[in-house]
Amino acid sequence: MRFEFDSAVMQRALTLAQQGFGAVEPNPMVGAVIVNDQRELIADGFHQRFGGPHAEVVAMQQAGSLCRGATLFVTLEPCSHFGKTPPCADAVIQAGFKRVVVGCQDPAPHVAGRGLAKLRDAGISVECGLLQAEAEHLIAPFRKQMLEQRPWVHAKWAMTLDGRIASRTGHSQWISGEESRAHVHWLRGRMDAIITGAGTVRADNPRLTARPPGPRVPLRVVVDAAGTSLSDNCHLVQTAREIPVLACVSRRCDESTISRLKNAGIEVLQTSSVEHVSLTEVLESLGQRQMTHVLLECGPGLLGAFQDQQLIDEVHVFVAPKLVGGTAACPPIGGQGHDRIPELPSLKSCRHTILGQDVLIEGRVR
């Protein structure tokens with residue numbers, strides 16, 4: 001394979017990197033491609049799992065001696081420090097590359113240009129910033145975790161064509177089709193945590209597990225100020241010793257409820273607010289655990305609270321070709337909402353996928 005432009009090589013690296021989603025976190029997704037002077041493909045690779053070799057090393061292992069005098073394209077600045085693996089910058093230097101093209105600089109304070117400087121000091125021609133916007137888009141969740149110590153918040157819901165997640169009686173199963181539900185399980189298996197609310201626990205008694213399992217087993221987080229939704233016959237309580245559950249409560253949750261939850265094997269986080277659970281404290285706690293991706297699977301009240309506080313980073317909306325009608329039917333997002341219709345689209349980098357008869361709309365919140 002021969003690439004016509006440098007940008008085409010970097011685009012391949014970016015595409016490869018996305019295959020690491022859900023397996024490499026809290027590390028960033030990274031892809032690498034090695035080509036010769038004619039831009040002919042020698043080898044490529046991506047970071048496949050946390051603790052495993054980085055993308056550059058995967059590609060270099062394939063290329064062997066052909067690295068000498070070749071060009072390395074990598075979506076993120078090679079690391080310059082010892083972590084789970086030795087510094088990639090040192091390996092790149094030892095391999096004998098004459099040129100390295102980088103998508104974007106590493107935002108981590110312990111790297112932040114040091115890898116690029118090390119390569120230049122070794123006499124390698126280094127270029128940084130090719131498809132920079134796309135490269136930075138790829139590592140946005142890593143950047144948020146690294147600089148803000150908070151996870152990237154995904155919001156997911158399924159709704160009818162007229163924008164309802166349940167009928168006026170509360171009936172909601174099933175709005176979306178089998179293909180959409182399978183995609184939800186795929187998404188769950190790549191999350192560090194799934195957050196739901198007391199109303200959803202009472203109404204649906206969910207398990208919040210990925211079936212079949214994915215590369216990650218998400219922590220199941222319940223936001224319930226009083227802690228009373230987690231009754232003894234709740235699926236989350238019954239499986240808490242096998243799959244972890246975190247109950248996030250407020251100061252009004254009494255000690256007897258907290259003791260009951262802990263005795264059932266549930267971890268309890270009591271936030272500082274009295275009436276409501278502090279969502280920022282919940283996210284900060286998850287961030288301290290080095291969680292990168294969390295998924296909201298909840299009703300309009302909790303989803304509206306996240307929206308009102310501008311805590312949602314990305315949405316995954318499944319729209320089914322069904323009409324339910326009724327002014328009392330349930331919308332997906334509650335809360336206070338905006339006073340006016342936004343002038344610009346609320347999503348950027350919006351994409352659409354057909355799943356059976358449903359349409360999946362995804363994008364990052366502007």
# chains A, B, ... in the order shown; residues from 1 in each chain; ligands from 1
>>> select_by_dssp(residues="segment 41-249 of chain A", states="helix (DSSP H, G or I)", output="PyMOL selection string")
chain A and resi 55-67+88-95+114-121+132-138+140-148+178-188+198-204+235-238
>>> residues_around(residues="Asn36 of chain A", least_positions_apart="3", cutoff="9 Å", atoms="only C-alpha atoms", output="list of chain:residue names")
A:Arg39, A:Glu40, A:Leu41, A:Ile42, A:Leu66, A:Cys67, A:Gly69, A:Ala70, A:Thr71, A:Leu72
>>> write_last_selection(atoms="N, CA and C atoms", output="PDB file, in the first residue's frame")
ATOM      1  N   ARG A  39       6.343   6.652   0.875  1.00  0.00           N
ATOM      2  CA  ARG A  39       5.112   6.512   1.659  1.00  0.00           C
ATOM      3  C   ARG A  39       4.480   5.133   1.465  1.00  0.00           C
ATOM      4  N   GLU A  40       5.284   4.142   1.253  1.00  0.00           N
ATOM      5  CA  GLU A  40       4.786   2.772   1.179  1.00  0.00           C
ATOM      6  C   GLU A  40       4.724   2.195   2.587  1.00  0.00           C
ATOM      7  N   LEU A  41       3.626   1.520   2.857  1.00  0.00           N
ATOM      8  CA  LEU A  41       3.399   0.989   4.198  1.00  0.00           C
ATOM      9  C   LEU A  41       4.418  -0.090   4.549  1.00  0.00           C
ATOM     10  N   ILE A  42       5.069   0.092   5.694  1.00  0.00           N
ATOM     11  CA  ILE A  42       5.978  -0.924   6.231  1.00  0.00           C
ATOM     12  C   ILE A  42       5.292  -1.691   7.357  1.00  0.00           C
ATOM     13  N   LEU A  66      13.580  -2.552   9.285  1.00  0.00           N
ATOM     14  CA  LEU A  66      13.101  -1.605   8.279  1.00  0.00           C
ATOM     15  C   LEU A  66      12.774  -0.235   8.883  1.00  0.00           C
ATOM     16  N   CYS A  67      12.811  -0.129  10.222  1.00  0.00           N
ATOM     17  CA  CYS A  67      12.594   1.178  10.866  1.00  0.00           C
ATOM     18  C   CYS A  67      13.717   2.153  10.531  1.00  0.00           C
ATOM     19  N   GLY A  69      15.942   4.612   8.982  1.00  0.00           N
ATOM     20  CA  GLY A  69      15.806   5.491   7.830  1.00  0.00           C
ATOM     21  C   GLY A  69      14.366   5.734   7.407  1.00  0.00           C
ATOM     22  N   ALA A  70      13.398   5.150   8.105  1.00  0.00           N
ATOM     23  CA  ALA A  70      11.993   5.279   7.736  1.00  0.00           C
ATOM     24  C   ALA A  70      11.344   6.459   8.472  1.00  0.00           C
ATOM     25  N   THR A  71      10.057   6.671   8.193  1.00  0.00           N
ATOM     26  CA  THR A  71       9.289   7.737   8.844  1.00  0.00           C
ATOM     27  C   THR A  71       8.199   7.118   9.706  1.00  0.00           C
ATOM     28  N   LEU A  72       8.089   7.600  10.930  1.00  0.00           N
ATOM     29  CA  LEU A  72       7.061   7.143  11.851  1.00  0.00           C
ATOM     30  C   LEU A  72       5.980   8.212  11.977  1.00  0.00           C
TER      31      LEU A  72
END
>>> closest_residue(among="A:Val184, A:Leu230, A:Met1, A:Phe50", to="Val35 of chain A", atoms="only C-alpha atoms")
A:Met1
>>> closest_residue(among="A:Ala89, A:Leu14, A:Lys98, A:His137", to="Leu116 of chain A", atoms="only C-alpha atoms")
A:Ala89
>>> residues_around(residues="Ser278 of chain A", least_positions_apart="2", cutoff="12 Å", atoms="only C-alpha atoms", output="number ranges by chain")
A: 223-225, 248-251, 269-276, 280-285, 302, 305-306, 309, 311
>>> write_last_selection(atoms="C-alpha atoms", output="PDB file, in the first residue's frame")
ATOM      1  CA  VAL A 223     -27.494   8.558  42.579  1.00  0.00           C
ATOM      2  CA  ASP A 224     -30.114   8.470  45.350  1.00  0.00           C
ATOM      3  CA  ALA A 225     -30.154  11.183  48.003  1.00  0.00           C
ATOM      4  CA  CYS A 248     -24.131   8.177  46.082  1.00  0.00           C
ATOM      5  CA  VAL A 249     -26.259   9.718  48.822  1.00  0.00           C
ATOM      6  CA  SER A 250     -26.736  13.111  50.444  1.00  0.00           C
ATOM      7  CA  ARG A 251     -26.406  14.194  54.076  1.00  0.00           C
ATOM      8  CA  LEU A 269     -20.316   7.941  48.917  1.00  0.00           C
ATOM      9  CA  GLN A 270     -22.014  10.602  51.028  1.00  0.00           C
ATOM     10  CA  THR A 271     -21.694  13.999  49.382  1.00  0.00           C
ATOM     11  CA  SER A 272     -21.648  17.293  51.254  1.00  0.00           C
ATOM     12  CA  SER A 273     -25.042  18.630  50.117  1.00  0.00           C
ATOM     13  CA  VAL A 274     -28.159  17.976  52.197  1.00  0.00           C
ATOM     14  CA  GLU A 275     -31.160  17.672  49.892  1.00  0.00           C
ATOM     15  CA  HIS A 276     -29.514  16.516  46.672  1.00  0.00           C
ATOM     16  CA  THR A 280     -19.610  17.328  40.775  1.00  0.00           C
ATOM     17  CA  GLU A 281     -18.474  15.450  43.885  1.00  0.00           C
ATOM     18  CA  VAL A 282     -19.605  12.178  42.298  1.00  0.00           C
ATOM     19  CA  LEU A 283     -17.568  12.883  39.150  1.00  0.00           C
ATOM     20  CA  GLU A 284     -14.572  14.012  41.188  1.00  0.00           C
ATOM     21  CA  SER A 285     -14.689  10.752  43.145  1.00  0.00           C
ATOM     22  CA  LEU A 302     -31.024  13.084  36.720  1.00  0.00           C
ATOM     23  CA  ALA A 305     -29.530  17.838  36.355  1.00  0.00           C
ATOM     24  CA  PHE A 306     -26.397  16.815  34.459  1.00  0.00           C
ATOM     25  CA  GLN A 309     -24.875  21.816  35.189  1.00  0.00           C
ATOM     26  CA  LEU A 311     -21.630  18.054  32.839  1.00  0.00           C
TER      27      LEU A 311
END
>>> closest_residue(among="A:Met191, A:Cys253, A:Ile34, A:Leu286", to="Phe73 of chain A", atoms="only C-alpha atoms")
A:Ile34
>>> select_by_dssp(residues="segment 24-158 of chain A", states="strand (DSSP E)", output="PyMOL selection string")
chain A and resi 31-35+41-46+71-76+99-104+125-128+152-158
>>> write_last_selection(atoms="N, CA, C and O atoms", output="short mmCIF file (atom, residue, chain, number, x, y, z; two decimals), in the first residue's frame")
data_model
loop_
_atom_site.label_atom_id
_atom_site.label_comp_id
_atom_site.auth_asym_id
_atom_site.auth_seq_id
_atom_site.Cartn_x
_atom_site.Cartn_y
_atom_site.Cartn_z
N GLY A 31 -2.48 5.55 17.67
CA GLY A 31 -2.17 4.73 16.52
C GLY A 31 -0.85 5.16 15.90
O GLY A 31 -0.44 6.32 16.05
N ALA A 32 -0.17 4.23 15.22
CA ALA A 32 1.12 4.52 14.60
C ALA A 32 1.24 3.80 13.27
O ALA A 32 0.74 2.68 13.11
N VAL A 33 1.90 4.46 12.31
CA VAL A 33 2.13 3.89 10.98
C VAL A 33 3.57 4.19 10.58
O VAL A 33 4.04 5.33 10.76
N ILE A 34 4.26 3.20 10.02
CA ILE A 34 5.65 3.37 9.55
C ILE A 34 5.65 3.23 8.02
O ILE A 34 5.10 2.28 7.47
N VAL A 35 6.27 4.21 7.36
CA VAL A 35 6.36 4.19 5.90
C VAL A 35 7.79 4.49 5.47
O VAL A 35 8.59 5.03 6.23
N LEU A 41 3.63 1.52 2.86
CA LEU A 41 3.40 0.99 4.20
C LEU A 41 4.42 -0.09 4.55
O LEU A 41 4.60 -1.05 3.80
N ILE A 42 5.07 0.09 5.69
CA ILE A 42 5.98 -0.92 6.23
C ILE A 42 5.29 -1.69 7.36
O ILE A 42 5.29 -2.92 7.38
N ALA A 43 4.67 -0.96 8.29
CA ALA A 43 3.99 -1.59 9.43
C ALA A 43 3.08 -0.57 10.09
O ALA A 43 3.24 0.64 9.90
N ASP A 44 2.14 -1.06 10.86
CA ASP A 44 1.30 -0.15 11.65
C ASP A 44 0.83 -0.87 12.91
O ASP A 44 1.04 -2.09 13.06
N GLY A 45 0.20 -0.12 13.79
CA GLY A 45 -0.27 -0.72 15.03
C GLY A 45 -0.98 0.31 15.88
O GLY A 45 -1.00 1.51 15.57
N PHE A 46 -1.58 -0.16 16.96
CA PHE A 46 -2.26 0.74 17.89
C PHE A 46 -2.09 0.20 19.31
O PHE A 46 -1.77 -0.97 19.52
N THR A 71 10.06 6.67 8.19
CA THR A 71 9.29 7.74 8.84
C THR A 71 8.20 7.12 9.71
O THR A 71 7.47 6.23 9.25
N LEU A 72 8.09 7.60 10.93
CA LEU A 72 7.06 7.14 11.85
C LEU A 72 5.98 8.21 11.98
O LEU A 72 6.28 9.38 12.27
N PHE A 73 4.74 7.83 11.72
CA PHE A 73 3.58 8.69 11.97
C PHE A 73 2.90 8.17 13.24
O PHE A 73 2.57 6.98 13.32
N VAL A 74 2.65 9.04 14.19
CA VAL A 74 2.00 8.64 15.42
C VAL A 74 1.03 9.74 15.85
O VAL A 74 1.33 10.93 15.72
N THR A 75 -0.14 9.35 16.32
CA THR A 75 -1.19 10.33 16.61
C THR A 75 -0.88 11.19 17.82
O THR A 75 -1.39 12.31 17.94
N LEU A 76 -0.05 10.69 18.74
CA LEU A 76 0.26 11.41 19.97
C LEU A 76 1.76 11.38 20.22
O LEU A 76 2.42 10.38 19.93
N ARG A 99 12.72 10.42 10.55
CA ARG A 99 11.66 11.44 10.60
C ARG A 99 10.50 10.90 11.42
O ARG A 99 10.13 9.73 11.30
N VAL A 100 9.93 11.78 12.25
CA VAL A 100 8.75 11.42 13.04
C VAL A 100 7.71 12.52 12.86
O VAL A 100 8.01 13.71 13.04
N VAL A 101 6.49 12.12 12.50
CA VAL A 101 5.39 13.05 12.31
C VAL A 101 4.34 12.75 13.38
O VAL A 101 3.87 11.61 13.50
N VAL A 102 3.97 13.78 14.15
CA VAL A 102 3.10 13.60 15.31
C VAL A 102 1.80 14.37 15.12
O VAL A 102 1.81 15.51 14.61
N GLY A 103 0.69 13.78 15.55
CA GLY A 103 -0.59 14.45 15.44
C GLY A 103 -0.73 15.60 16.42
O GLY A 103 -1.05 16.72 16.04
N CYS A 104 -0.48 15.33 17.70
CA CYS A 104 -0.60 16.39 18.71
C CYS A 104 0.31 16.10 19.89
O CYS A 104 0.75 14.96 20.10
N SER A 125 14.31 14.38 12.55
CA SER A 125 13.43 15.43 12.05
C SER A 125 12.03 15.19 12.61
O SER A 125 11.43 14.13 12.41
N VAL A 126 11.51 16.19 13.34
CA VAL A 126 10.22 16.02 14.03
C VAL A 126 9.24 17.09 13.56
O VAL A 126 9.57 18.28 13.53
N GLU A 127 8.04 16.67 13.18
CA GLU A 127 6.96 17.58 12.83
C GLU A 127 5.78 17.26 13.72
O GLU A 127 5.42 16.10 13.90
N CYS A 128 5.16 18.27 14.27
CA CYS A 128 4.00 18.07 15.16
C CYS A 128 2.85 18.96 14.70
O CYS A 128 3.06 20.13 14.38
N TRP A 152 -14.95 11.52 31.32
CA TRP A 152 -15.75 11.97 30.17
C TRP A 152 -17.14 11.39 30.32
O TRP A 152 -17.31 10.18 30.47
N VAL A 153 -18.16 12.24 30.31
CA VAL A 153 -19.53 11.81 30.60
C VAL A 153 -20.31 11.60 29.31
O VAL A 153 -20.55 12.54 28.55
N HIS A 154 -20.71 10.35 29.08
CA HIS A 154 -21.57 9.99 27.95
C HIS A 154 -23.01 9.89 28.45
O HIS A 154 -23.27 9.30 29.51
N ALA A 155 -23.94 10.46 27.70
CA ALA A 155 -25.37 10.32 28.02
C ALA A 155 -26.04 9.50 26.93
O ALA A 155 -25.82 9.75 25.74
N LYS A 156 -26.82 8.52 27.34
CA LYS A 156 -27.47 7.64 26.37
C LYS A 156 -28.95 7.55 26.68
O LYS A 156 -29.35 7.47 27.85
N TRP A 157 -29.79 7.62 25.63
CA TRP A 157 -31.20 7.32 25.83
C TRP A 157 -31.81 6.87 24.51
O TRP A 157 -31.26 7.11 23.42
N ALA A 158 -32.92 6.17 24.60
CA ALA A 158 -33.70 5.77 23.42
C ALA A 158 -35.02 6.50 23.48
O ALA A 158 -35.65 6.60 24.55
#
>>> closest_residue(among="A:Val317, A:Pro86, A:Thr353, A:Glu77", to="Pro53 of chain A", atoms="only C-alpha atoms")
A:Pro86
>>> residues_around(residues="Ile354 of chain A", least_positions_apart="3", cutoff="12 Å", atoms="only C-alpha atoms", output="PyMOL selection string")
chain A and resi 176-177+179-180+183+317-321+351+357-362
>>> write_last_selection(atoms="C-alpha atoms", output="compact mmCIF listing (two decimals), in the first residue's frame")
# COMPACT_ATOMS: atom_id res chain seq x y z
CA SER A 176 -35.57 0.64 20.33
CA GLY A 177 -34.92 -2.54 18.38
CA GLU A 179 -29.70 -3.90 17.00
CA SER A 180 -29.83 -0.75 19.13
CA HIS A 183 -25.05 -1.54 20.61
CA VAL A 317 -29.42 8.90 21.16
CA PHE A 318 -31.39 6.03 19.64
CA VAL A 319 -34.43 7.30 17.72
CA ALA A 320 -37.09 4.72 16.89
CA PRO A 321 -39.74 5.21 14.17
CA ARG A 351 -22.66 11.35 13.18
CA GLN A 357 -35.13 0.51 11.88
CA ASP A 358 -33.58 2.95 14.37
CA VAL A 359 -31.26 5.90 13.85
CA LEU A 360 -28.36 6.38 16.27
CA ILE A 361 -27.33 10.03 16.60
CA GLU A 362 -24.00 10.65 18.35
>>> decode(residues="segment 68-124 of chain A", atoms="C-alpha atoms", output="PDB file, in the first residue's frame")
ATOM      1  CA  ARG A  68      16.078   2.498  10.134  1.00  0.00           C
ATOM      2  CA  GLY A  69      15.806   5.491   7.830  1.00  0.00           C
ATOM      3  CA  ALA A  70      11.993   5.279   7.736  1.00  0.00           C
ATOM      4  CA  THR A  71       9.289   7.737   8.844  1.00  0.00           C
ATOM      5  CA  LEU A  72       7.061   7.143  11.851  1.00  0.00           C
ATOM      6  CA  PHE A  73       3.583   8.689  11.972  1.00  0.00           C
ATOM      7  CA  VAL A  74       2.001   8.642  15.421  1.00  0.00           C
ATOM      8  CA  THR A  75      -1.190  10.329  16.607  1.00  0.00           C
ATOM      9  CA  LEU A  76       0.258  11.414  19.967  1.00  0.00           C
ATOM     10  CA  GLU A  77       3.687  12.569  21.108  1.00  0.00           C
ATOM     11  CA  PRO A  78       5.825   9.563  22.128  1.00  0.00           C
ATOM     12  CA  CYS A  79       6.154   9.328  25.901  1.00  0.00           C
ATOM     13  CA  SER A  80       9.455  10.244  27.540  1.00  0.00           C
ATOM     14  CA  HIS A  81       9.008   8.670  30.976  1.00  0.00           C
ATOM     15  CA  PHE A  82       8.957   5.248  32.609  1.00  0.00           C
ATOM     16  CA  GLY A  83       5.403   4.080  33.363  1.00  0.00           C
ATOM     17  CA  LYS A  84       3.900   0.651  32.725  1.00  0.00           C
ATOM     18  CA  THR A  85       6.359   0.485  29.817  1.00  0.00           C
ATOM     19  CA  PRO A  86       9.743   2.122  29.049  1.00  0.00           C
ATOM     20  CA  PRO A  87       9.826   5.504  27.247  1.00  0.00           C
ATOM     21  CA  CYS A  88       8.669   5.215  23.631  1.00  0.00           C
ATOM     22  CA  ALA A  89      10.880   8.162  22.653  1.00  0.00           C
ATOM     23  CA  ASP A  90      13.978   6.132  23.588  1.00  0.00           C
ATOM     24  CA  ALA A  91      12.755   3.165  21.523  1.00  0.00           C
ATOM     25  CA  VAL A  92      12.095   5.419  18.521  1.00  0.00           C
ATOM     26  CA  ILE A  93      15.625   6.830  18.742  1.00  0.00           C
ATOM     27  CA  GLN A  94      17.196   3.396  19.024  1.00  0.00           C
ATOM     28  CA  ALA A  95      15.211   2.127  16.031  1.00  0.00           C
ATOM     29  CA  GLY A  96      16.927   4.669  13.772  1.00  0.00           C
ATOM     30  CA  PHE A  97      14.021   6.640  12.327  1.00  0.00           C
ATOM     31  CA  LYS A  98      15.050   9.694  10.348  1.00  0.00           C
ATOM     32  CA  ARG A  99      11.662  11.445  10.597  1.00  0.00           C
ATOM     33  CA  VAL A 100       8.749  11.425  13.040  1.00  0.00           C
ATOM     34  CA  VAL A 101       5.385  13.049  12.313  1.00  0.00           C
ATOM     35  CA  VAL A 102       3.101  13.600  15.312  1.00  0.00           C
ATOM     36  CA  GLY A 103      -0.594  14.452  15.441  1.00  0.00           C
ATOM     37  CA  CYS A 104      -0.597  16.390  18.707  1.00  0.00           C
ATOM     38  CA  GLN A 105       1.426  17.027  21.819  1.00  0.00           C
ATOM     39  CA  ASP A 106       0.729  14.980  24.946  1.00  0.00           C
ATOM     40  CA  PRO A 107      -1.285  17.120  27.431  1.00  0.00           C
ATOM     41  CA  ALA A 108       0.034  15.200  30.440  1.00  0.00           C
ATOM     42  CA  PRO A 109       2.217  17.547  32.540  1.00  0.00           C
ATOM     43  CA  HIS A 110       4.915  14.881  32.906  1.00  0.00           C
ATOM     44  CA  VAL A 111       5.282  14.659  29.094  1.00  0.00           C
ATOM     45  CA  ALA A 112       4.072  17.931  27.490  1.00  0.00           C
ATOM     46  CA  GLY A 113       6.743  18.301  24.774  1.00  0.00           C
ATOM     47  CA  ARG A 114       9.553  16.399  26.464  1.00  0.00           C
ATOM     48  CA  GLY A 115       9.182  13.456  24.096  1.00  0.00           C
ATOM     49  CA  LEU A 116       9.399  15.729  21.050  1.00  0.00           C
ATOM     50  CA  ALA A 117      12.454  17.500  22.499  1.00  0.00           C
ATOM     51  CA  LYS A 118      14.199  14.201  23.147  1.00  0.00           C
ATOM     52  CA  LEU A 119      13.661  13.105  19.533  1.00  0.00           C
ATOM     53  CA  ARG A 120      14.972  16.417  18.164  1.00  0.00           C
ATOM     54  CA  ASP A 121      18.000  16.292  20.452  1.00  0.00           C
ATOM     55  CA  ALA A 122      18.807  12.895  18.944  1.00  0.00           C
ATOM     56  CA  GLY A 123      18.915  14.439  15.452  1.00  0.00           C
ATOM     57  CA  ILE A 124      15.539  13.161  14.254  1.00  0.00           C
TER      58      ILE A 124
END
